[in-house]
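What's in target.tsv: TSV, N, CA and C atoms
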```tsv
chain	number	residue	atom	x	y	z
C	68	MET	N	243.67	62.49	189.93
C	68	MET	CA	243.45	63.61	190.81
C	68	MET	C	243.00	63.12	192.18
C	69	THR	N	243.50	63.74	193.22
C	69	THR	CA	243.08	63.39	194.57
C	69	THR	C	242.15	64.49	195.09
C	70	ALA	N	241.09	64.06	195.77
C	70	ALA	CA	240.13	65.02	196.32
C	70	ALA	C	240.74	65.68	197.54
C	71	HIS	N	240.37	66.93	197.73
C	71	HIS	CA	240.89	67.66	198.89
C	71	HIS	C	240.17	67.17	200.14
C	72	MET	N	240.90	66.70	201.11
C	72	MET	CA	240.35	66.18	202.37
C	72	MET	C	240.67	67.18	203.47
C	73	PRO	N	239.64	67.60	204.22
C	73	PRO	CA	239.93	68.51	205.33
C	73	PRO	C	240.71	67.78	206.42
C	74	PRO	N	241.47	68.52	207.19
C	74	PRO	CA	242.23	67.86	208.26
C	74	PRO	C	241.29	67.26	209.31
C	75	LEU	N	241.75	66.23	209.96
C	75	LEU	CA	240.96	65.59	211.00
C	75	LEU	C	240.63	66.58	212.11
C	76	GLY	N	239.43	66.48	212.63
C	76	GLY	CA	239.01	67.34	213.73
C	76	GLY	C	238.61	68.74	213.30
C	77	SER	N	238.53	69.00	212.02
C	77	SER	CA	238.14	70.34	211.58
C	77	SER	C	236.62	70.50	211.64
C	78	TYR	N	236.17	71.75	211.70
C	78	TYR	CA	234.75	72.06	211.82
C	78	TYR	C	234.14	72.22	210.43
C	79	ASP	N	233.05	71.51	210.18
C	79	ASP	CA	232.34	71.60	208.91
C	79	ASP	C	231.05	72.37	209.15
C	80	GLU	N	230.99	73.59	208.66
C	80	GLU	CA	229.81	74.44	208.89
C	80	GLU	C	228.55	73.88	208.27
C	81	SER	N	228.67	73.09	207.23
C	81	SER	CA	227.47	72.53	206.58
C	81	SER	C	226.79	71.49	207.46
C	82	VAL	N	227.52	70.89	208.41
C	82	VAL	CA	226.96	69.88	209.29
C	82	VAL	C	226.29	70.54	210.49
C	83	GLY	N	226.87	71.61	211.00
C	83	GLY	CA	226.31	72.30	212.16
C	83	GLY	C	226.83	71.73	213.46
C	84	ASP	N	226.35	72.30	214.56
C	84	ASP	CA	226.80	71.87	215.89
C	84	ASP	C	226.09	70.58	216.30
C	85	PRO	N	226.81	69.72	216.99
C	85	PRO	CA	226.16	68.49	217.48
C	85	PRO	C	225.18	68.83	218.60
C	86	ALA	N	224.17	68.00	218.75
C	86	ALA	CA	223.20	68.20	219.83
C	86	ALA	C	223.91	68.00	221.16
C	87	PRO	N	223.58	68.85	222.15
C	87	PRO	CA	224.21	68.67	223.46
C	87	PRO	C	223.76	67.34	224.08
C	88	PRO	N	224.61	66.74	224.89
C	88	PRO	CA	224.21	65.47	225.52
C	88	PRO	C	223.04	65.69	226.48
C	89	PHE	N	222.23	64.68	226.64
C	89	PHE	CA	221.07	64.74	227.54
C	89	PHE	C	221.54	64.92	228.97
C	90	ASP	N	221.00	65.92	229.65
C	90	ASP	CA	221.33	66.16	231.06
C	90	ASP	C	220.08	65.87	231.88
C	91	PRO	N	220.09	64.80	232.68
C	91	PRO	CA	218.90	64.43	233.44
C	91	PRO	C	218.73	65.23	234.73
C	92	LEU	N	219.07	66.51	234.72
C	92	LEU	CA	218.97	67.35	235.92
C	92	LEU	C	217.56	67.35	236.50
C	93	ARG	N	216.54	67.42	235.64
C	93	ARG	CA	215.17	67.45	236.14
C	93	ARG	C	214.85	66.18	236.93
C	94	LEU	N	215.39	65.06	236.51
C	94	LEU	CA	215.14	63.81	237.24
C	94	LEU	C	215.75	63.89	238.64
C	95	CYS	N	216.92	64.49	238.74
C	95	CYS	CA	217.56	64.66	240.04
C	95	CYS	C	216.74	65.61	240.91
C	96	VAL	N	216.24	66.67	240.32
C	96	VAL	CA	215.42	67.63	241.06
C	96	VAL	C	214.15	66.95	241.56
C	97	HIS	N	213.48	66.18	240.69
C	97	HIS	CA	212.26	65.48	241.10
C	97	HIS	C	212.53	64.47	242.21
C	98	ALA	N	213.64	63.76	242.12
C	98	ALA	CA	213.99	62.80	243.16
C	98	ALA	C	214.25	63.51	244.49
C	99	THR	N	214.90	64.66	244.44
C	99	THR	CA	215.18	65.42	245.66
C	99	THR	C	213.88	65.94	246.28
C	100	VAL	N	212.98	66.43	245.45
C	100	VAL	CA	211.68	66.89	245.95
C	100	VAL	C	210.92	65.73	246.58
C	101	ALA	N	210.97	64.56	245.94
C	101	ALA	CA	210.29	63.38	246.50
C	101	ALA	C	210.89	62.99	247.85
C	102	LEU	N	212.22	63.06	247.97
C	102	LEU	CA	212.87	62.75	249.24
C	102	LEU	C	212.43	63.72	250.33
C	103	ILE	N	212.45	65.00	250.01
C	103	ILE	CA	212.02	66.02	250.99
C	103	ILE	C	210.59	65.75	251.42
C	104	THR	N	209.74	65.42	250.45
C	104	THR	CA	208.34	65.15	250.76
C	104	THR	C	208.18	63.91	251.62
C	105	CYS	N	208.97	62.88	251.35
C	105	CYS	CA	208.89	61.67	252.18
C	105	CYS	C	209.30	61.96	253.61
C	106	VAL	N	210.33	62.75	253.79
C	106	VAL	CA	210.84	63.02	255.13
C	106	VAL	C	209.97	64.03	255.87
C	107	LEU	N	209.55	65.07	255.18
C	107	LEU	CA	208.82	66.15	255.85
C	107	LEU	C	207.30	66.08	255.67
C	108	GLY	N	206.81	65.20	254.82
C	108	GLY	CA	205.38	64.98	254.65
C	108	GLY	C	204.59	66.24	254.38
C	109	PRO	N	203.51	66.47	255.14
C	109	PRO	CA	202.64	67.61	254.87
C	109	PRO	C	203.31	68.96	255.11
C	110	VAL	N	204.38	68.99	255.89
C	110	VAL	CA	205.11	70.24	256.08
C	110	VAL	C	205.74	70.66	254.75
C	111	ALA	N	206.32	69.70	254.04
C	111	ALA	CA	206.91	69.98	252.73
C	111	ALA	C	205.83	70.39	251.74
C	112	LEU	N	204.71	69.67	251.75
C	112	LEU	CA	203.61	70.01	250.85
C	112	LEU	C	203.12	71.43	251.10
C	113	LEU	N	202.96	71.79	252.35
C	113	LEU	CA	202.51	73.14	252.68
C	113	LEU	C	203.54	74.17	252.19
C	114	GLY	N	204.81	73.90	252.41
C	114	GLY	CA	205.85	74.83	251.97
C	114	GLY	C	205.87	74.99	250.46
C	115	PHE	N	205.85	73.88	249.73
C	115	PHE	CA	205.86	73.95	248.27
C	115	PHE	C	204.60	74.62	247.74
C	116	ALA	N	203.45	74.33	248.36
C	116	ALA	CA	202.19	74.94	247.91
C	116	ALA	C	202.23	76.46	248.12
C	117	ILE	N	202.75	76.90	249.26
C	117	ILE	CA	202.82	78.35	249.52
C	117	ILE	C	203.76	79.03	248.53
C	118	ILE	N	204.89	78.40	248.25
C	118	ILE	CA	205.82	78.97	247.26
C	118	ILE	C	205.14	79.05	245.89
C	119	ALA	N	204.42	77.99	245.51
C	119	ALA	CA	203.74	77.98	244.22
C	119	ALA	C	202.62	79.02	244.17
C	120	ILE	N	201.87	79.15	245.26
C	120	ILE	CA	200.80	80.16	245.30
C	120	ILE	C	201.40	81.55	245.12
C	121	ALA	N	202.50	81.82	245.81
C	121	ALA	CA	203.16	83.13	245.68
C	121	ALA	C	203.62	83.36	244.24
C	122	GLY	N	204.20	82.33	243.63
C	122	GLY	CA	204.67	82.45	242.25
C	122	GLY	C	203.54	82.68	241.26
C	123	TYR	N	202.46	81.89	241.39
C	123	TYR	CA	201.34	82.06	240.47
C	123	TYR	C	200.59	83.37	240.71
C	124	THR	N	200.52	83.81	241.95
C	124	THR	CA	199.89	85.10	242.23
C	124	THR	C	200.67	86.22	241.57
C	125	ARG	N	201.98	86.17	241.71
C	125	ARG	CA	202.83	87.19	241.08
C	125	ARG	C	202.71	87.14	239.56
C	126	ALA	N	202.71	85.93	239.01
C	126	ALA	CA	202.60	85.79	237.55
C	126	ALA	C	201.24	86.28	237.06
C	127	ARG	N	200.18	85.99	237.79
C	127	ARG	CA	198.84	86.44	237.39
C	127	ARG	C	198.75	87.97	237.43
C	128	ARG	N	199.31	88.56	238.48
C	128	ARG	CA	199.33	90.03	238.56
C	128	ARG	C	200.16	90.63	237.44
C	129	GLY	N	201.14	89.85	236.95
C	129	GLY	CA	201.98	90.29	235.85
C	129	GLY	C	201.35	90.07	234.48
C	130	GLY	N	200.14	89.45	234.46
C	130	GLY	CA	199.44	89.29	233.20
C	130	GLY	C	199.27	87.86	232.71
C	131	LEU	N	199.82	86.88	233.40
C	131	LEU	CA	199.68	85.48	232.98
C	131	LEU	C	198.27	84.99	233.30
C	132	MET	N	197.51	84.68	232.26
C	132	MET	CA	196.15	84.18	232.45
C	132	MET	C	196.06	82.67	232.22
C	133	ARG	N	196.95	82.13	231.40
C	133	ARG	CA	196.97	80.69	231.12
C	133	ARG	C	198.36	80.16	231.43
C	134	SER	N	198.38	79.03	232.11
C	134	SER	CA	199.63	78.40	232.51
C	134	SER	C	199.89	77.16	231.67
C	135	LYS	N	201.13	76.70	231.66
C	135	LYS	CA	201.45	75.44	231.01
C	135	LYS	C	200.98	74.25	231.85
C	136	CYS	N	200.55	74.52	233.06
C	136	CYS	CA	199.98	73.50	233.93
C	136	CYS	C	198.75	72.91	233.23
C	137	LYS	N	198.48	71.63	233.46
C	137	LYS	CA	197.34	70.96	232.82
C	137	LYS	C	196.02	71.65	233.12
C	138	LEU	N	195.92	72.34	234.25
C	138	LEU	CA	194.68	73.03	234.59
C	138	LEU	C	194.45	74.26	233.72
C	139	GLY	N	195.51	74.81	233.17
C	139	GLY	CA	195.40	75.93	232.23
C	139	GLY	C	195.19	77.27	232.89
C	140	ASP	N	193.96	77.60	233.22
C	140	ASP	CA	193.62	78.89	233.80
C	140	ASP	C	194.32	79.06	235.15
C	141	THR	N	195.00	80.17	235.32
C	141	THR	CA	195.76	80.39	236.56
C	141	THR	C	194.85	80.45	237.78
C	142	ARG	N	193.57	80.82	237.61
C	142	ARG	CA	192.65	80.81	238.75
C	142	ARG	C	192.42	79.38	239.23
C	143	LEU	N	192.31	78.44	238.29
C	143	LEU	CA	192.15	77.04	238.68
C	143	LEU	C	193.41	76.51	239.36
C	144	VAL	N	194.56	76.91	238.84
C	144	VAL	CA	195.83	76.49	239.45
C	144	VAL	C	195.93	77.03	240.87
C	145	LEU	N	195.58	78.29	241.07
C	145	LEU	CA	195.62	78.88	242.41
C	145	LEU	C	194.62	78.19	243.35
C	146	ALA	N	193.46	77.86	242.84
C	146	ALA	CA	192.47	77.15	243.67
C	146	ALA	C	193.00	75.77	244.07
C	147	TYR	N	193.58	75.06	243.11
C	147	TYR	CA	194.16	73.74	243.37
C	147	TYR	C	195.26	73.82	244.43
C	148	LEU	N	196.16	74.78	244.26
C	148	LEU	CA	197.26	74.94	245.21
C	148	LEU	C	196.74	75.33	246.59
C	149	SER	N	195.69	76.12	246.64
C	149	SER	CA	195.10	76.51	247.93
C	149	SER	C	194.49	75.30	248.64
C	150	VAL	N	193.83	74.43	247.88
C	150	VAL	CA	193.28	73.20	248.47
C	150	VAL	C	194.41	72.33	249.02
C	151	LEU	N	195.51	72.23	248.27
C	151	LEU	CA	196.67	71.47	248.77
C	151	LEU	C	197.21	72.07	250.06
C	152	ALA	N	197.33	73.39	250.10
C	152	ALA	CA	197.88	74.05	251.29
C	152	ALA	C	196.98	73.83	252.50
C	153	VAL	N	195.68	73.98	252.32
C	153	VAL	CA	194.75	73.78	253.44
C	153	VAL	C	194.79	72.32	253.90
C	154	GLY	N	194.78	71.39	252.94
C	154	GLY	CA	194.85	69.97	253.30
C	154	GLY	C	196.12	69.64	254.06
C	155	ALA	N	197.24	70.21	253.62
C	155	ALA	CA	198.51	69.98	254.31
C	155	ALA	C	198.48	70.56	255.71
C	156	ALA	N	197.94	71.76	255.86
C	156	ALA	CA	197.87	72.39	257.18
C	156	ALA	C	197.02	71.56	258.13
C	157	VAL	N	195.94	71.00	257.63
C	157	VAL	CA	195.08	70.14	258.46
C	157	VAL	C	195.80	68.85	258.82
C	158	ALA	N	196.59	68.32	257.90
C	158	ALA	CA	197.26	67.03	258.11
C	158	ALA	C	198.48	67.12	259.04
C	159	ILE	N	199.08	68.29	259.18
C	159	ILE	CA	200.31	68.41	259.96
C	159	ILE	C	200.16	67.91	261.40
C	160	PRO	N	199.13	68.28	262.15
C	160	PRO	CA	199.02	67.75	263.52
C	160	PRO	C	198.93	66.22	263.57
C	161	PHE	N	198.20	65.63	262.62
C	161	PHE	CA	198.09	64.17	262.57
C	161	PHE	C	199.43	63.53	262.23
C	162	TRP	N	200.17	64.17	261.35
C	162	TRP	CA	201.50	63.69	260.96
C	162	TRP	C	202.44	63.74	262.16
C	163	ILE	N	202.37	64.83	262.93
C	163	ILE	CA	203.21	64.95	264.13
C	163	ILE	C	202.84	63.86	265.14
C	164	MET	N	201.54	63.63	265.33
C	164	MET	CA	201.11	62.57	266.27
C	164	MET	C	201.60	61.20	265.78
C	165	LEU	N	201.56	60.96	264.50
C	165	LEU	CA	202.05	59.69	263.96
C	165	LEU	C	203.54	59.50	264.28
C	166	TRP	N	204.34	60.53	264.00
C	166	TRP	CA	205.78	60.43	264.28
C	166	TRP	C	206.04	60.31	265.79
C	167	ALA	N	205.26	61.00	266.59
C	167	ALA	CA	205.42	60.89	268.06
C	167	ALA	C	205.14	59.47	268.50
C	168	ARG	N	204.13	58.84	267.92
C	168	ARG	CA	203.78	57.46	268.27
C	168	ARG	C	204.88	56.50	267.78
C	169	ILE	N	205.38	56.73	266.58
C	169	ILE	CA	206.43	55.85	266.03
C	169	ILE	C	207.72	55.97	266.84
C	170	LEU	N	208.13	57.18	267.12
C	170	LEU	CA	209.39	57.40	267.82
C	170	LEU	C	209.28	57.15	269.32
C	171	GLY	N	208.06	57.29	269.85
C	171	GLY	CA	207.85	57.09	271.28
C	171	GLY	C	207.76	55.61	271.66
C	172	GLY	N	207.58	54.78	270.68
C	172	GLY	CA	207.55	53.34	270.97
C	172	GLY	C	206.23	52.88	271.24
```
Structure encoded using structure tokens:
Amino acid sequence: MTAHMPPLGSYDESVGDPAPPFDPLRLCVHATVALITCVLGPVALLGFAIIAIAGYTRARRGGLMRSKCKLGDTRLVLAYLSVLAVGAAVAIPFWIMLWARILGG
């Protein structure tokens, strides 16, 4: 007796779907954010901090009290982001003077 062999390329439901291939999109996103930060310095930090503050404020008003962020409590996250924004705003004039000195020769 010969065993019944399914045709090549057929789908076996008992095995299930294969895992999707790893997509390193997040790595590309992180590299792009790092590039923007290198080029724009504290201006980029201020922009990202303001966007994050707006997002966390909206989420907190929507009921989010704990974040997946290591700080946990959204109040701590908002305080951290606010410190970053203020620090970036203070650093921008110094950053501009640095670039003026570098480009001015």
Just how far from atom N of Ile163 (chain C) is atom C of Gly108 (chain C), in Å to one decimal?
8.9 Å
Region 111-116 of chain C surroundings by all atoms listed in the file, 8 Å radius, close-in-sequence under 6 positions cut, as an NGL selection string
:C and (103-105 or 122 or 147-149 or 151-156)
File dump, residues just selected, N, CA and C atoms, as an mmCIF file, in the coordinates of the input:
```cif
data_model
loop_
_atom_site.group_PDB
_atom_site.id
_atom_site.type_symbol
_atom_site.label_atom_id
_atom_site.label_comp_id
_atom_site.auth_asym_id
_atom_site.auth_seq_id
_atom_site.Cartn_x
_atom_site.Cartn_y
_atom_site.Cartn_z
ATOM 1 N N ILE C 103 212.450 65.000 250.010
ATOM 2 C CA ILE C 103 212.020 66.020 250.990
ATOM 3 C C ILE C 103 210.590 65.750 251.420
ATOM 4 N N THR C 104 209.740 65.420 250.450
ATOM 5 C CA THR C 104 208.340 65.150 250.760
ATOM 6 C C THR C 104 208.180 63.910 251.620
ATOM 7 N N CYS C 105 208.970 62.880 251.350
ATOM 8 C CA CYS C 105 208.890 61.670 252.180
ATOM 9 C C CYS C 105 209.300 61.960 253.610
ATOM 10 N N GLY C 122 204.200 82.330 243.630
ATOM 11 C CA GLY C 122 204.670 82.450 242.250
ATOM 12 C C GLY C 122 203.540 82.680 241.260
ATOM 13 N N TYR C 147 193.580 75.060 243.110
ATOM 14 C CA TYR C 147 194.160 73.740 243.370
ATOM 15 C C TYR C 147 195.260 73.820 244.430
ATOM 16 N N LEU C 148 196.160 74.780 244.260
ATOM 17 C CA LEU C 148 197.260 74.940 245.210
ATOM 18 C C LEU C 148 196.740 75.330 246.590
ATOM 19 N N SER C 149 195.690 76.120 246.640
ATOM 20 C CA SER C 149 195.100 76.510 247.930
ATOM 21 C C SER C 149 194.490 75.300 248.640
ATOM 22 N N LEU C 151 195.510 72.230 248.270
ATOM 23 C CA LEU C 151 196.670 71.470 248.770
ATOM 24 C C LEU C 151 197.210 72.070 250.060
ATOM 25 N N ALA C 152 197.330 73.390 250.100
ATOM 26 C CA ALA C 152 197.880 74.050 251.290
ATOM 27 C C ALA C 152 196.980 73.830 252.500
ATOM 28 N N VAL C 153 195.680 73.980 252.320
ATOM 29 C CA VAL C 153 194.750 73.780 253.440
ATOM 30 C C VAL C 153 194.790 72.320 253.900
ATOM 31 N N GLY C 154 194.780 71.390 252.940
ATOM 32 C CA GLY C 154 194.850 69.970 253.300
ATOM 33 C C GLY C 154 196.120 69.640 254.060
ATOM 34 N N ALA C 155 197.240 70.210 253.620
ATOM 35 C CA ALA C 155 198.510 69.980 254.310
ATOM 36 C C ALA C 155 198.480 70.560 255.710
ATOM 37 N N ALA C 156 197.940 71.760 255.860
ATOM 38 C CA ALA C 156 197.870 72.390 257.180
ATOM 39 C C ALA C 156 197.020 71.560 258.130
#
```
Can you tell me how far atom C of Pro109 (chain C) sits from CA of Trp162 (chain C), in Å to one decimal?
8.1 Å
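Atom pair CA of Leu94 (chain C) / CA of Leu145 (chain C) has a distance of 25.2 Å (rounded to one decimal).
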Helix (DSSP H, G or I) call set, DSSP backbone run, chain C, as a ChimeraX atom specification
/C:92-107,109-128,141-171
Can you put all heavy atoms back into region 133-144 of chain C and show it as a PDB file, in the frame of the given file?
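And here's out08.pdb as it stands now:
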```
ATOM      1  N   ARG C 133     196.950  82.130 231.400  1.00  0.00           N
ATOM      2  CA  ARG C 133     196.970  80.690 231.120  1.00  0.00           C
ATOM      3  C   ARG C 133     198.360  80.160 231.430  1.00  0.00           C
ATOM      4  O   ARG C 133     199.356  80.755 231.059  1.00  0.00           O
ATOM      5  CB  ARG C 133     196.622  80.408 229.660  1.00  0.00           C
ATOM      6  CG  ARG C 133     195.241  80.895 229.337  1.00  0.00           C
ATOM      7  CD  ARG C 133     194.332  80.027 228.535  1.00  0.00           C
ATOM      8  NE  ARG C 133     194.510  78.611 228.497  1.00  0.00           N
ATOM      9  CZ  ARG C 133     193.737  77.749 229.147  1.00  0.00           C
ATOM     10  NH1 ARG C 133     192.782  78.175 229.946  1.00  0.00           N
ATOM     11  NH2 ARG C 133     193.897  76.460 229.018  1.00  0.00           N
ATOM     12  N   SER C 134     198.380  79.030 232.110  1.00  0.00           N
ATOM     13  CA  SER C 134     199.630  78.400 232.510  1.00  0.00           C
ATOM     14  C   SER C 134     199.890  77.160 231.670  1.00  0.00           C
ATOM     15  O   SER C 134     198.974  76.614 231.053  1.00  0.00           O
ATOM     16  CB  SER C 134     199.538  78.002 233.991  1.00  0.00           C
ATOM     17  OG  SER C 134     200.642  77.237 234.376  1.00  0.00           O
ATOM     18  N   LYS C 135     201.130  76.700 231.660  1.00  0.00           N
ATOM     19  CA  LYS C 135     201.450  75.440 231.010  1.00  0.00           C
ATOM     20  C   LYS C 135     200.980  74.250 231.850  1.00  0.00           C
ATOM     21  O   LYS C 135     200.990  73.124 231.397  1.00  0.00           O
ATOM     22  CB  LYS C 135     202.964  75.331 230.783  1.00  0.00           C
ATOM     23  CG  LYS C 135     203.469  76.311 229.756  1.00  0.00           C
ATOM     24  CD  LYS C 135     204.967  76.160 229.575  1.00  0.00           C
ATOM     25  CE  LYS C 135     205.481  77.201 228.600  1.00  0.00           C
ATOM     26  NZ  LYS C 135     206.929  77.131 228.459  1.00  0.00           N
ATOM     27  N   CYS C 136     200.550  74.520 233.060  1.00  0.00           N
ATOM     28  CA  CYS C 136     199.980  73.500 233.930  1.00  0.00           C
ATOM     29  C   CYS C 136     198.750  72.910 233.230  1.00  0.00           C
ATOM     30  O   CYS C 136     198.052  73.586 232.490  1.00  0.00           O
ATOM     31  CB  CYS C 136     199.581  74.130 235.268  1.00  0.00           C
ATOM     32  SG  CYS C 136     198.754  73.016 236.404  1.00  0.00           S
ATOM     33  N   LYS C 137     198.480  71.630 233.460  1.00  0.00           N
ATOM     34  CA  LYS C 137     197.340  70.960 232.820  1.00  0.00           C
ATOM     35  C   LYS C 137     196.020  71.650 233.120  1.00  0.00           C
ATOM     36  O   LYS C 137     195.081  71.561 232.331  1.00  0.00           O
ATOM     37  CB  LYS C 137     197.261  69.487 233.254  1.00  0.00           C
ATOM     38  CG  LYS C 137     198.410  68.649 232.765  1.00  0.00           C
ATOM     39  CD  LYS C 137     198.338  68.489 231.271  1.00  0.00           C
ATOM     40  CE  LYS C 137     199.462  67.579 230.808  1.00  0.00           C
ATOM     41  NZ  LYS C 137     199.544  67.496 229.365  1.00  0.00           N
ATOM     42  N   LEU C 138     195.920  72.340 234.250  1.00  0.00           N
ATOM     43  CA  LEU C 138     194.680  73.030 234.590  1.00  0.00           C
ATOM     44  C   LEU C 138     194.450  74.260 233.720  1.00  0.00           C
ATOM     45  O   LEU C 138     193.320  74.708 233.570  1.00  0.00           O
ATOM     46  CB  LEU C 138     194.671  73.415 236.070  1.00  0.00           C
ATOM     47  CG  LEU C 138     194.663  72.240 237.044  1.00  0.00           C
ATOM     48  CD1 LEU C 138     194.835  72.737 238.467  1.00  0.00           C
ATOM     49  CD2 LEU C 138     193.393  71.423 236.893  1.00  0.00           C
ATOM     50  N   GLY C 139     195.510  74.810 233.170  1.00  0.00           N
ATOM     51  CA  GLY C 139     195.400  75.930 232.230  1.00  0.00           C
ATOM     52  C   GLY C 139     195.190  77.270 232.890  1.00  0.00           C
ATOM     53  O   GLY C 139     196.133  78.015 233.107  1.00  0.00           O
ATOM     54  N   ASP C 140     193.960  77.600 233.220  1.00  0.00           N
ATOM     55  CA  ASP C 140     193.620  78.890 233.800  1.00  0.00           C
ATOM     56  C   ASP C 140     194.320  79.060 235.150  1.00  0.00           C
ATOM     57  O   ASP C 140     194.229  78.193 236.021  1.00  0.00           O
ATOM     58  CB  ASP C 140     192.094  78.984 233.975  1.00  0.00           C
ATOM     59  CG  ASP C 140     191.620  80.378 234.350  1.00  0.00           C
ATOM     60  OD1 ASP C 140     192.362  81.110 235.032  1.00  0.00           O
ATOM     61  OD2 ASP C 140     190.496  80.719 233.959  1.00  0.00           O
ATOM     62  N   THR C 141     195.000  80.170 235.320  1.00  0.00           N
ATOM     63  CA  THR C 141     195.760  80.390 236.560  1.00  0.00           C
ATOM     64  C   THR C 141     194.850  80.450 237.780  1.00  0.00           C
ATOM     65  O   THR C 141     195.287  80.137 238.885  1.00  0.00           O
ATOM     66  CB  THR C 141     196.623  81.655 236.467  1.00  0.00           C
ATOM     67  OG1 THR C 141     195.811  82.763 236.076  1.00  0.00           O
ATOM     68  CG2 THR C 141     197.752  81.483 235.476  1.00  0.00           C
ATOM     69  N   ARG C 142     193.570  80.820 237.610  1.00  0.00           N
ATOM     70  CA  ARG C 142     192.650  80.810 238.750  1.00  0.00           C
ATOM     71  C   ARG C 142     192.420  79.380 239.230  1.00  0.00           C
ATOM     72  O   ARG C 142     192.365  79.133 240.439  1.00  0.00           O
ATOM     73  CB  ARG C 142     191.320  81.459 238.372  1.00  0.00           C
ATOM     74  CG  ARG C 142     191.437  82.961 238.132  1.00  0.00           C
ATOM     75  CD  ARG C 142     190.158  83.534 237.635  1.00  0.00           C
ATOM     76  NE  ARG C 142     189.877  82.930 236.322  1.00  0.00           N
ATOM     77  CZ  ARG C 142     188.886  83.267 235.531  1.00  0.00           C
ATOM     78  NH1 ARG C 142     188.035  84.195 235.910  1.00  0.00           N
ATOM     79  NH2 ARG C 142     188.716  82.691 234.367  1.00  0.00           N
ATOM     80  N   LEU C 143     192.310  78.440 238.290  1.00  0.00           N
ATOM     81  CA  LEU C 143     192.150  77.040 238.680  1.00  0.00           C
ATOM     82  C   LEU C 143     193.410  76.510 239.360  1.00  0.00           C
ATOM     83  O   LEU C 143     193.337  75.755 240.328  1.00  0.00           O
ATOM     84  CB  LEU C 143     191.826  76.179 237.451  1.00  0.00           C
ATOM     85  CG  LEU C 143     190.458  76.385 236.821  1.00  0.00           C
ATOM     86  CD1 LEU C 143     190.331  75.556 235.547  1.00  0.00           C
ATOM     87  CD2 LEU C 143     189.370  76.017 237.808  1.00  0.00           C
ATOM     88  N   VAL C 144     194.560  76.910 238.840  1.00  0.00           N
ATOM     89  CA  VAL C 144     195.830  76.490 239.450  1.00  0.00           C
ATOM     90  C   VAL C 144     195.930  77.030 240.870  1.00  0.00           C
ATOM     91  O   VAL C 144     196.290  76.288 241.801  1.00  0.00           O
ATOM     92  CB  VAL C 144     197.042  76.952 238.598  1.00  0.00           C
ATOM     93  CG1 VAL C 144     198.349  76.603 239.291  1.00  0.00           C
ATOM     94  CG2 VAL C 144     196.994  76.361 237.204  1.00  0.00           C
TER      95      VAL C 144
END
```
